[in-house]
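Next comes protein.txt, a file with compact mmCIF, N, CA, C and O atoms.
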```
# COMPACT_ATOMS: atom_id res chain seq x y z
N MET A 26 0.85 -1.18 0.00
CA MET A 26 0.00 0.00 0.00
C MET A 26 0.89 1.24 0.00
O MET A 26 1.90 1.31 0.68
N ASP A 27 0.50 2.22 -0.76
CA ASP A 27 1.23 3.47 -0.82
C ASP A 27 0.23 4.60 -0.60
O ASP A 27 -0.81 4.64 -1.26
N GLY A 28 0.51 5.49 0.33
CA GLY A 28 -0.39 6.59 0.61
C GLY A 28 -1.05 6.42 1.96
O GLY A 28 -0.59 5.66 2.80
N ASP A 29 -2.16 7.14 2.16
CA ASP A 29 -2.87 7.07 3.43
C ASP A 29 -4.35 7.29 3.21
O ASP A 29 -4.78 7.59 2.11
N ALA A 30 -5.11 7.11 4.27
CA ALA A 30 -6.55 7.39 4.25
C ALA A 30 -6.83 8.33 5.42
O ALA A 30 -6.20 8.24 6.47
N LYS A 31 -7.77 9.25 5.21
CA LYS A 31 -8.05 10.26 6.23
C LYS A 31 -9.53 10.31 6.56
O LYS A 31 -10.36 10.22 5.68
N TRP A 32 -9.82 10.47 7.85
CA TRP A 32 -11.14 10.91 8.27
C TRP A 32 -10.97 12.40 8.54
O TRP A 32 -10.07 12.81 9.27
N MET A 33 -11.82 13.22 7.93
CA MET A 33 -11.77 14.66 8.20
C MET A 33 -13.16 15.25 8.03
O MET A 33 -13.92 14.85 7.17
N HIS A 34 -13.50 16.18 8.93
CA HIS A 34 -14.80 16.83 8.85
C HIS A 34 -14.74 17.97 7.84
O HIS A 34 -13.67 18.41 7.42
N THR A 35 -15.88 18.46 7.46
CA THR A 35 -15.97 19.62 6.59
C THR A 35 -15.30 20.80 7.30
O THR A 35 -15.50 20.98 8.49
N PRO A 36 -14.49 21.59 6.58
CA PRO A 36 -13.84 22.74 7.22
C PRO A 36 -14.87 23.64 7.91
O PRO A 36 -15.97 23.84 7.40
N VAL A 37 -14.50 24.14 9.09
CA VAL A 37 -15.37 25.04 9.84
C VAL A 37 -14.67 26.38 10.02
O VAL A 37 -13.44 26.46 9.96
N ALA A 38 -15.44 27.43 10.23
CA ALA A 38 -14.86 28.75 10.47
C ALA A 38 -13.99 28.71 11.72
O ALA A 38 -14.34 28.05 12.70
N ALA A 39 -12.87 29.41 11.66
CA ALA A 39 -11.96 29.47 12.80
C ALA A 39 -11.67 30.92 13.12
O ALA A 39 -11.50 31.74 12.23
N LYS A 40 -11.62 31.22 14.40
CA LYS A 40 -11.22 32.55 14.85
C LYS A 40 -9.70 32.56 14.97
O LYS A 40 -9.11 31.61 15.50
N ALA A 41 -9.07 33.62 14.52
CA ALA A 41 -7.62 33.73 14.59
C ALA A 41 -7.15 33.83 16.04
O ALA A 41 -7.83 34.39 16.89
N THR A 42 -5.99 33.23 16.31
CA THR A 42 -5.35 33.26 17.63
C THR A 42 -6.36 32.97 18.76
O THR A 42 -6.47 33.70 19.72
N THR A 43 -7.07 31.88 18.59
CA THR A 43 -8.12 31.48 19.54
C THR A 43 -7.86 30.05 20.00
O THR A 43 -7.47 29.21 19.21
N SER A 44 -8.10 29.80 21.27
CA SER A 44 -7.90 28.47 21.85
C SER A 44 -9.17 27.63 21.64
O SER A 44 -10.29 28.10 21.87
N TYR A 45 -8.97 26.38 21.21
CA TYR A 45 -10.06 25.43 21.00
C TYR A 45 -9.73 24.12 21.70
O TYR A 45 -8.56 23.80 21.91
N THR A 46 -10.77 23.37 22.01
CA THR A 46 -10.62 21.99 22.48
C THR A 46 -11.37 21.09 21.52
O THR A 46 -12.54 21.33 21.21
N TYR A 47 -10.68 20.06 21.04
CA TYR A 47 -11.27 19.05 20.16
C TYR A 47 -11.26 17.73 20.89
O TYR A 47 -10.29 17.38 21.56
N SER A 48 -12.34 16.97 20.78
CA SER A 48 -12.36 15.63 21.34
C SER A 48 -13.16 14.71 20.43
O SER A 48 -14.04 15.14 19.68
N SER A 49 -12.81 13.43 20.48
CA SER A 49 -13.54 12.39 19.76
C SER A 49 -13.18 11.05 20.38
O SER A 49 -12.29 10.96 21.22
N TRP A 50 -13.87 10.03 19.94
CA TRP A 50 -13.59 8.66 20.36
C TRP A 50 -13.13 7.90 19.13
O TRP A 50 -13.58 8.17 18.01
N TYR A 51 -12.25 6.93 19.33
CA TYR A 51 -11.75 6.14 18.21
C TYR A 51 -11.39 4.73 18.68
O TYR A 51 -11.19 4.47 19.86
N LYS A 52 -11.32 3.83 17.72
CA LYS A 52 -10.67 2.54 17.90
C LYS A 52 -10.09 2.14 16.55
O LYS A 52 -10.61 2.52 15.49
N SER A 53 -8.96 1.44 16.59
CA SER A 53 -8.27 1.05 15.36
C SER A 53 -7.35 -0.12 15.63
O SER A 53 -7.02 -0.41 16.78
N ASN A 54 -6.93 -0.76 14.57
CA ASN A 54 -6.00 -1.88 14.75
C ASN A 54 -4.57 -1.49 14.34
O ASN A 54 -3.71 -2.35 14.23
N THR A 55 -4.34 -0.19 14.17
CA THR A 55 -3.01 0.31 13.84
C THR A 55 -2.84 1.72 14.40
O THR A 55 -3.83 2.39 14.70
N THR A 56 -1.61 2.15 14.54
CA THR A 56 -1.34 3.51 15.00
C THR A 56 -1.90 4.50 14.00
O THR A 56 -1.83 4.28 12.78
N THR A 57 -2.47 5.60 14.49
CA THR A 57 -3.01 6.63 13.61
C THR A 57 -2.42 7.99 14.00
O THR A 57 -1.91 8.17 15.10
N GLU A 58 -2.50 8.93 13.09
CA GLU A 58 -1.95 10.27 13.30
C GLU A 58 -3.09 11.30 13.29
O GLU A 58 -4.05 11.15 12.54
N VAL A 59 -2.94 12.34 14.11
CA VAL A 59 -3.90 13.44 14.12
C VAL A 59 -3.16 14.71 13.70
O VAL A 59 -2.09 15.01 14.21
N ASP A 60 -3.74 15.43 12.74
CA ASP A 60 -3.22 16.71 12.26
C ASP A 60 -4.37 17.70 12.18
O ASP A 60 -5.54 17.30 12.13
N ILE A 61 -4.02 18.98 12.12
CA ILE A 61 -5.02 20.02 11.88
C ILE A 61 -4.67 20.71 10.58
O ILE A 61 -3.51 21.08 10.34
N GLN A 62 -5.66 20.87 9.72
CA GLN A 62 -5.48 21.59 8.46
C GLN A 62 -6.10 22.96 8.63
O GLN A 62 -7.27 23.08 9.02
N TYR A 63 -5.31 24.00 8.37
CA TYR A 63 -5.78 25.38 8.45
C TYR A 63 -5.83 25.99 7.04
O TYR A 63 -4.99 25.69 6.21
N VAL A 64 -6.79 26.87 6.84
CA VAL A 64 -6.82 27.72 5.65
C VAL A 64 -6.78 29.14 6.18
O VAL A 64 -7.57 29.51 7.05
N ASN A 65 -5.82 29.92 5.66
CA ASN A 65 -5.70 31.30 6.17
C ASN A 65 -6.56 32.26 5.36
O ASN A 65 -7.24 31.86 4.42
N THR A 66 -6.52 33.52 5.73
CA THR A 66 -7.37 34.54 5.11
C THR A 66 -7.03 34.76 3.63
O THR A 66 -7.86 35.27 2.88
N ALA A 67 -5.83 34.34 3.19
CA ALA A 67 -5.44 34.45 1.78
C ALA A 67 -5.79 33.17 1.01
O ALA A 67 -5.51 33.07 -0.19
N GLY A 68 -6.38 32.18 1.69
CA GLY A 68 -6.75 30.93 1.04
C GLY A 68 -5.64 29.88 0.99
O GLY A 68 -5.78 28.86 0.33
N VAL A 69 -4.53 30.12 1.67
CA VAL A 69 -3.40 29.20 1.69
C VAL A 69 -3.60 28.15 2.78
O VAL A 69 -3.96 28.47 3.91
N THR A 70 -3.36 26.88 2.43
CA THR A 70 -3.53 25.77 3.35
C THR A 70 -2.22 25.44 4.05
O THR A 70 -1.16 25.43 3.42
N SER A 71 -2.29 25.17 5.35
CA SER A 71 -1.13 24.72 6.12
C SER A 71 -1.58 23.61 7.06
O SER A 71 -2.79 23.41 7.27
N TYR A 72 -0.61 22.91 7.64
CA TYR A 72 -0.91 21.77 8.50
C TYR A 72 -0.15 21.87 9.81
O TYR A 72 0.98 22.35 9.85
N ALA A 73 -0.76 21.39 10.89
CA ALA A 73 -0.12 21.32 12.19
C ALA A 73 -0.19 19.86 12.66
O ALA A 73 -1.28 19.29 12.75
N TYR A 74 0.97 19.28 12.92
CA TYR A 74 1.05 17.91 13.45
C TYR A 74 0.63 17.93 14.91
O TYR A 74 1.10 18.75 15.69
N VAL A 75 -0.27 17.02 15.29
CA VAL A 75 -0.73 16.93 16.68
C VAL A 75 -0.05 15.76 17.38
O VAL A 75 0.50 15.92 18.46
N GLY A 76 -0.08 14.58 16.78
CA GLY A 76 0.56 13.43 17.41
C GLY A 76 0.02 12.11 16.90
O GLY A 76 -0.88 12.06 16.08
N TRP A 77 0.63 11.05 17.42
CA TRP A 77 0.24 9.68 17.08
C TRP A 77 -0.64 9.11 18.19
O TRP A 77 -0.38 9.36 19.36
N LEU A 78 -1.64 8.34 17.79
CA LEU A 78 -2.49 7.64 18.75
C LEU A 78 -2.26 6.14 18.60
O LEU A 78 -2.19 5.63 17.47
N PRO A 79 -2.15 5.42 19.70
CA PRO A 79 -1.90 3.99 19.63
C PRO A 79 -3.13 3.22 19.15
O PRO A 79 -4.26 3.67 19.31
N ALA A 80 -2.88 2.07 18.57
CA ALA A 80 -3.98 1.18 18.20
C ALA A 80 -4.75 0.81 19.47
O ALA A 80 -4.17 0.72 20.56
N SER A 81 -6.06 0.63 19.34
CA SER A 81 -6.88 0.24 20.48
C SER A 81 -8.09 -0.54 19.99
O SER A 81 -8.86 -0.04 19.17
N ALA A 82 -8.26 -1.75 20.50
CA ALA A 82 -9.43 -2.56 20.14
C ALA A 82 -10.69 -2.06 20.83
O ALA A 82 -11.81 -2.35 20.40
N GLU A 83 -10.52 -1.31 21.91
CA GLU A 83 -11.63 -0.74 22.66
C GLU A 83 -11.72 0.76 22.36
O GLU A 83 -10.74 1.40 22.03
N TRP A 84 -12.91 1.35 22.54
CA TRP A 84 -13.09 2.78 22.32
C TRP A 84 -12.21 3.58 23.27
O TRP A 84 -12.18 3.29 24.48
N GLN A 85 -11.49 4.55 22.74
CA GLN A 85 -10.62 5.43 23.52
C GLN A 85 -11.01 6.87 23.22
O GLN A 85 -11.25 7.22 22.06
N GLU A 86 -11.03 7.70 24.24
CA GLU A 86 -11.29 9.12 24.01
C GLU A 86 -9.97 9.82 23.71
O GLU A 86 -8.94 9.56 24.33
N PHE A 87 -10.01 10.72 22.73
CA PHE A 87 -8.87 11.56 22.39
C PHE A 87 -9.31 13.00 22.58
O PHE A 87 -10.38 13.39 22.13
N SER A 88 -8.48 13.81 23.25
CA SER A 88 -8.80 15.22 23.47
C SER A 88 -7.53 16.03 23.36
O SER A 88 -6.46 15.60 23.79
N MET A 89 -7.64 17.23 22.77
CA MET A 89 -6.49 18.11 22.65
C MET A 89 -6.94 19.56 22.71
O MET A 89 -8.06 19.90 22.33
N LYS A 90 -6.07 20.41 23.22
CA LYS A 90 -6.27 21.86 23.19
C LYS A 90 -5.25 22.44 22.23
O LYS A 90 -4.10 21.97 22.17
N PHE A 91 -5.65 23.44 21.46
CA PHE A 91 -4.73 24.08 20.53
C PHE A 91 -5.17 25.51 20.29
O PHE A 91 -6.30 25.88 20.58
N THR A 92 -4.25 26.32 19.78
CA THR A 92 -4.54 27.71 19.45
C THR A 92 -4.33 27.90 17.96
O THR A 92 -3.31 27.48 17.40
N THR A 93 -5.28 28.54 17.31
CA THR A 93 -5.21 28.75 15.87
C THR A 93 -4.16 29.80 15.53
O THR A 93 -3.86 30.67 16.33
N PRO A 94 -3.61 29.73 14.31
CA PRO A 94 -2.66 30.75 13.86
C PRO A 94 -3.32 32.13 13.76
O PRO A 94 -4.56 32.24 13.68
N ALA A 95 -2.50 33.16 13.72
CA ALA A 95 -2.99 34.55 13.70
C ALA A 95 -3.79 34.89 12.44
O ALA A 95 -4.58 35.84 12.46
N ASP A 96 -3.62 34.13 11.37
CA ASP A 96 -4.34 34.42 10.12
C ASP A 96 -5.34 33.32 9.74
O ASP A 96 -5.79 33.26 8.60
N ALA A 97 -5.70 32.46 10.67
CA ALA A 97 -6.61 31.35 10.38
C ALA A 97 -8.01 31.85 10.06
O ALA A 97 -8.52 32.78 10.68
N SER A 98 -8.64 31.21 9.07
CA SER A 98 -10.04 31.50 8.78
C SER A 98 -10.91 30.25 8.78
O SER A 98 -12.10 30.32 9.03
N LYS A 99 -10.29 29.07 8.50
CA LYS A 99 -11.00 27.79 8.53
C LYS A 99 -10.05 26.73 9.09
O LYS A 99 -8.83 26.87 9.01
N MET A 100 -10.65 25.65 9.63
CA MET A 100 -9.83 24.54 10.12
C MET A 100 -10.58 23.22 9.98
O MET A 100 -11.81 23.19 9.93
N THR A 101 -9.79 22.15 9.91
CA THR A 101 -10.29 20.79 9.84
C THR A 101 -9.37 19.90 10.65
O THR A 101 -8.15 19.99 10.51
N VAL A 102 -9.91 19.05 11.51
CA VAL A 102 -9.11 18.06 12.22
C VAL A 102 -9.11 16.78 11.38
O VAL A 102 -10.16 16.34 10.92
N MET A 103 -7.91 16.22 11.18
CA MET A 103 -7.77 15.02 10.35
C MET A 103 -7.25 13.87 11.21
O MET A 103 -6.30 14.03 11.97
N HIS A 104 -7.87 12.72 11.08
CA HIS A 104 -7.41 11.49 11.73
C HIS A 104 -6.94 10.58 10.59
O HIS A 104 -7.73 10.21 9.73
N ILE A 105 -5.64 10.25 10.57
CA ILE A 105 -5.02 9.63 9.41
C ILE A 105 -4.56 8.21 9.74
O ILE A 105 -3.96 7.97 10.79
N ILE A 106 -4.79 7.30 8.80
CA ILE A 106 -4.28 5.95 8.90
C ILE A 106 -3.34 5.75 7.72
O ILE A 106 -3.72 5.96 6.57
N ALA A 107 -2.07 5.41 8.00
CA ALA A 107 -1.04 5.33 6.95
C ALA A 107 -0.52 3.91 6.76
O ALA A 107 0.54 3.71 6.19
N ALA A 108 -1.26 2.93 7.24
CA ALA A 108 -0.86 1.53 7.09
C ALA A 108 -2.11 0.71 6.81
O ALA A 108 -3.23 1.20 6.97
N ASN A 109 -1.93 -0.54 6.39
CA ASN A 109 -3.08 -1.41 6.22
C ASN A 109 -3.75 -1.58 7.58
O ASN A 109 -3.08 -1.77 8.58
N GLY A 110 -5.05 -1.46 7.62
CA GLY A 110 -5.78 -1.59 8.86
C GLY A 110 -7.11 -0.89 8.80
O GLY A 110 -7.60 -0.54 7.72
N TRP A 111 -7.69 -0.66 9.97
CA TRP A 111 -9.00 0.00 10.03
C TRP A 111 -9.00 1.02 11.16
O TRP A 111 -8.22 0.95 12.10
N LEU A 112 -9.93 1.97 11.03
CA LEU A 112 -10.11 3.05 12.00
C LEU A 112 -11.60 3.35 12.08
O LEU A 112 -12.25 3.51 11.05
N GLN A 113 -12.14 3.42 13.29
CA GLN A 113 -13.51 3.87 13.52
C GLN A 113 -13.45 5.11 14.41
O GLN A 113 -12.65 5.16 15.36
N THR A 114 -14.29 6.10 14.12
CA THR A 114 -14.34 7.33 14.91
C THR A 114 -15.79 7.64 15.24
O THR A 114 -16.71 7.22 14.55
N ASP A 115 -15.98 8.42 16.34
CA ASP A 115 -17.35 8.72 16.77
C ASP A 115 -17.32 9.89 17.76
O ASP A 115 -16.28 10.20 18.34
N ASP A 116 -18.47 10.52 17.94
CA ASP A 116 -18.73 11.50 19.00
C ASP A 116 -17.73 12.65 19.02
O ASP A 116 -16.95 12.81 19.95
N PHE A 117 -17.77 13.47 17.99
CA PHE A 117 -16.82 14.57 17.81
C PHE A 117 -17.31 15.85 18.48
O PHE A 117 -18.50 16.12 18.50
N ASN A 118 -16.37 16.63 18.99
CA ASN A 118 -16.70 17.88 19.65
C ASN A 118 -15.57 18.88 19.42
O ASN A 118 -14.41 18.55 19.62
N LEU A 119 -15.91 20.08 19.00
CA LEU A 119 -14.94 21.16 18.81
C LEU A 119 -15.54 22.41 19.43
O LEU A 119 -16.58 22.90 18.98
N ILE A 120 -14.89 22.91 20.51
CA ILE A 120 -15.42 24.08 21.20
C ILE A 120 -14.33 25.11 21.43
O ILE A 120 -13.16 24.77 21.61
N GLU A 121 -14.74 26.36 21.42
CA GLU A 121 -13.82 27.43 21.77
C GLU A 121 -13.55 27.34 23.27
O GLU A 121 -14.47 27.16 24.07
N THR A 122 -12.28 27.43 23.65
CA THR A 122 -11.87 27.27 25.04
C THR A 122 -11.51 28.63 25.62
O THR A 122 -10.62 29.30 25.11
N PRO A 123 -12.18 29.07 26.69
CA PRO A 123 -11.82 30.34 27.31
C PRO A 123 -10.40 30.31 27.83
O PRO A 123 -9.93 29.30 28.33
N ILE A 124 -9.71 31.42 27.70
CA ILE A 124 -8.37 31.57 28.25
C ILE A 124 -8.47 32.42 29.50
O ILE A 124 -9.02 33.52 29.47
N VAL A 125 -7.97 31.89 30.61
CA VAL A 125 -8.02 32.60 31.88
C VAL A 125 -6.64 33.18 32.16
O VAL A 125 -5.63 32.50 32.04
N THR A 126 -6.61 34.47 32.52
CA THR A 126 -5.33 35.12 32.86
C THR A 126 -5.47 35.83 34.18
O THR A 126 -6.57 36.08 34.66
N GLY A 127 -4.36 36.21 34.77
CA GLY A 127 -4.37 36.94 36.03
C GLY A 127 -3.23 36.48 36.90
O GLY A 127 -2.46 35.61 36.54
N ASP A 128 -3.11 37.07 38.09
CA ASP A 128 -2.05 36.65 39.00
C ASP A 128 -2.53 35.45 39.83
O ASP A 128 -3.63 34.95 39.64
N ASP A 129 -1.73 35.00 40.75
CA ASP A 129 -2.02 33.78 41.50
C ASP A 129 -3.34 33.81 42.26
O ASP A 129 -4.00 32.81 42.40
N ASP A 130 -3.73 34.97 42.80
CA ASP A 130 -4.93 35.03 43.63
C ASP A 130 -6.08 35.81 43.02
O ASP A 130 -7.15 35.87 43.59
N ASN A 131 -5.87 36.41 41.86
CA ASN A 131 -6.88 37.29 41.30
C ASN A 131 -7.04 37.00 39.81
O ASN A 131 -6.65 37.80 38.98
N PHE A 132 -7.65 35.86 39.48
CA PHE A 132 -7.82 35.52 38.08
C PHE A 132 -8.96 36.33 37.48
O PHE A 132 -10.03 36.46 38.06
N VAL A 133 -8.71 36.85 36.28
CA VAL A 133 -9.70 37.62 35.53
C VAL A 133 -9.76 37.01 34.14
O VAL A 133 -8.75 36.95 33.45
N ALA A 134 -10.94 36.57 33.73
CA ALA A 134 -11.09 35.96 32.41
C ALA A 134 -11.04 37.03 31.32
O ALA A 134 -11.56 38.12 31.49
N ASN A 135 -10.35 36.68 30.21
CA ASN A 135 -10.32 37.59 29.06
C ASN A 135 -11.71 37.68 28.46
O ASN A 135 -12.46 36.72 28.45
N GLY A 136 -12.05 38.84 27.95
CA GLY A 136 -13.33 39.03 27.29
C GLY A 136 -13.35 38.47 25.91
O GLY A 136 -12.40 38.07 25.35
```

For this file, write the structure as structure tokens.
Amino acid sequence: MDGDAKWMHTPVAAKATTSYTYSSWYKSNTTTEVDIQYVNTAGVTSYAYVGWLPASAEWQEFSMKFTTPADASKMTVMHIIAANGWLQTDDFNLIETPIVTGDDDNFVANG
């Protein structure tokens, strides 16, 4: 086999320099890779490597926090299988994550 197969959702609008949390459940019989595909305001596509997930015969939850680039306009999370095998995915969630700032005793949430 040469190449790979990807599960990816339809691109969604992304706010620039914004924190998000993505989660989903998966099971597979081979190691898989997770990447994020960004499209910037000029229409140029770029990719961010997230990491490898181990094979799992049982459902496993995957969750990550990330911040979009300063010029992001759209994004897609990709779950990639690059070897012979199978991958099942389910229960996807992508939410904007509030960023909390402040000193040790006086936290003030950003607006």

Mind pulling up the distance from atom O of A:Gln85 to atom O of A:Asn54?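 Straight-line distance from atom O of A:Asn54 to atom O of A:Gln85 works out to 14.5 Å.
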
Restricting to only N, CA, C and O atoms, whichever of A:Thr66, A:Ser44, A:Lys90, A:Ala95 is closest to A:Thr122 is A:Ser44

Would you mind telling me which residue in A:Ala30, A:Val37, A:Val64, A:Ala80 lies nearest to A:His104 when using all atoms listed in the file?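 Using all atoms listed in the file, the shortest distance to A:His104 belongs to A:Ala30.
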
Measuring between all atoms listed in the file, which one of A:Ser71, A:Gln62, A:Thr43, A:Thr35 shows the shortest distance to A:Glu121?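 Selected residue with least distance to A:Glu121: A:Thr43.
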
Taking only N, CA, C and O atoms into account, which of A:Asn118, A:Thr70, A:Thr93, A:Ser81 comes nearest A:Thr57?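 Nearest candidate to A:Thr57 out of A:Asn118, A:Thr70, A:Thr93, A:Ser81: A:Ser81.
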
May I have the residues within 4.5 Å of stretch 76-79 of chain A as a PDB file with N, CA, C and O atoms, in the coordinates of the input, using all atoms listed in the file and disregarding those fewer than 6 positions away in the same chain?
```pdb
ATOM      1  N   THR A  56      -1.610   2.150  14.540  1.00  0.00           N
ATOM      2  CA  THR A  56      -1.340   3.510  15.000  1.00  0.00           C
ATOM      3  C   THR A  56      -1.900   4.500  14.000  1.00  0.00           C
ATOM      4  O   THR A  56      -1.830   4.280  12.780  1.00  0.00           O
ATOM      5  N   THR A  57      -2.470   5.600  14.490  1.00  0.00           N
ATOM      6  CA  THR A  57      -3.010   6.630  13.610  1.00  0.00           C
ATOM      7  C   THR A  57      -2.420   7.990  14.000  1.00  0.00           C
ATOM      8  O   THR A  57      -1.910   8.170  15.100  1.00  0.00           O
ATOM      9  N   GLU A  58      -2.500   8.930  13.090  1.00  0.00           N
ATOM     10  CA  GLU A  58      -1.950  10.270  13.300  1.00  0.00           C
ATOM     11  C   GLU A  58      -3.090  11.300  13.290  1.00  0.00           C
ATOM     12  O   GLU A  58      -4.050  11.150  12.540  1.00  0.00           O
ATOM     13  N   VAL A  59      -2.940  12.340  14.110  1.00  0.00           N
ATOM     14  CA  VAL A  59      -3.900  13.440  14.120  1.00  0.00           C
ATOM     15  C   VAL A  59      -3.160  14.710  13.700  1.00  0.00           C
ATOM     16  O   VAL A  59      -2.090  15.010  14.210  1.00  0.00           O
TER      17      VAL A  59
END
```

With only C-alpha atoms as the counted atoms, please give the residues lying no more than 9 Å from A:Ser88, apart from itself and same-chain residues fewer than 6 positions off, as a VMD selection string. chain A and resid 46 to 50

Atoms to include: N, CA, C and O atoms. Write the selected residues as a JSON list (two decimals), in the coordinates of the input.
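The resulting file, out33.json, is shown below:
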```json
[["chain", "number", "residue", "atom", "x", "y", "z"],
["A", 46, "THR", "N", -10.77, 23.37, 22.01],
["A", 46, "THR", "CA", -10.62, 21.99, 22.48],
["A", 46, "THR", "C", -11.37, 21.09, 21.52],
["A", 46, "THR", "O", -12.54, 21.33, 21.21],
["A", 47, "TYR", "N", -10.68, 20.06, 21.04],
["A", 47, "TYR", "CA", -11.27, 19.05, 20.16],
["A", 47, "TYR", "C", -11.26, 17.73, 20.89],
["A", 47, "TYR", "O", -10.29, 17.38, 21.56],
["A", 48, "SER", "N", -12.34, 16.97, 20.78],
["A", 48, "SER", "CA", -12.36, 15.63, 21.34],
["A", 48, "SER", "C", -13.16, 14.71, 20.43],
["A", 48, "SER", "O", -14.04, 15.14, 19.68],
["A", 49, "SER", "N", -12.81, 13.43, 20.48],
["A", 49, "SER", "CA", -13.54, 12.39, 19.76],
["A", 49, "SER", "C", -13.18, 11.05, 20.38],
["A", 49, "SER", "O", -12.29, 10.96, 21.22],
["A", 50, "TRP", "N", -13.87, 10.03, 19.94],
["A", 50, "TRP", "CA", -13.59, 8.66, 20.36],
["A", 50, "TRP", "C", -13.13, 7.90, 19.13],
["A", 50, "TRP", "O", -13.58, 8.17, 18.01]]
```

List the neighbours of A:Val69 out to 12 Å using only C-alpha atoms; skip same-chain residues closer than 5 positions along the sequence, and give me the result as a VMD selection string. chain A and resid 62 to 64 96 to 100

Just give me the gap between atom CA of A:Tyr72 and atom CA of A:Asp60 in Å, one decimal is fine. 6.7 Å

Selection as a compact mmCIF listing (two decimals) with N, CA, C and O atoms, in the coordinates of the input: residues within 8 Å of (-18.1, 0.3, 17.0), counting all atoms listed in the file:
```
# COMPACT_ATOMS: atom_id res chain seq x y z
N LYS A 52 -11.32 3.83 17.72
CA LYS A 52 -10.67 2.54 17.90
C LYS A 52 -10.09 2.14 16.55
O LYS A 52 -10.61 2.52 15.49
N ALA A 82 -8.26 -1.75 20.50
CA ALA A 82 -9.43 -2.56 20.14
C ALA A 82 -10.69 -2.06 20.83
O ALA A 82 -11.81 -2.35 20.40
N TRP A 84 -12.91 1.35 22.54
CA TRP A 84 -13.09 2.78 22.32
C TRP A 84 -12.21 3.58 23.27
O TRP A 84 -12.18 3.29 24.48
N GLN A 113 -12.14 3.42 13.29
CA GLN A 113 -13.51 3.87 13.52
C GLN A 113 -13.45 5.11 14.41
O GLN A 113 -12.65 5.16 15.36
N THR A 114 -14.29 6.10 14.12
CA THR A 114 -14.34 7.33 14.91
C THR A 114 -15.79 7.64 15.24
O THR A 114 -16.71 7.22 14.55
```

One decimal, in Å: what's the spacing between atom N of A:Asn109 and atom N of A:Pro36? 25.4 Å

Taking into account all atoms listed in the file, which residue in the set A:Phe87, A:Trp32, A:Tyr74, A:Ala67 is nearest to A:Leu112?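 Selected residue with least distance to A:Leu112: A:Trp32.
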
If you run DSSP on this backbone, which residues of chain A come out as strand (DSSP E), and could you give them as a PyMOL selection string? chain A and resi 30-33+37-38+44-53+57-65+70-78+81-92+97-106+112-121+125-127+132-134

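With distances restricted to only N, CA, C and O atoms, A:Tyr45 is the closest residue to A:Leu119 from A:Gly28, A:Ser53, A:Val75, A:Tyr45.
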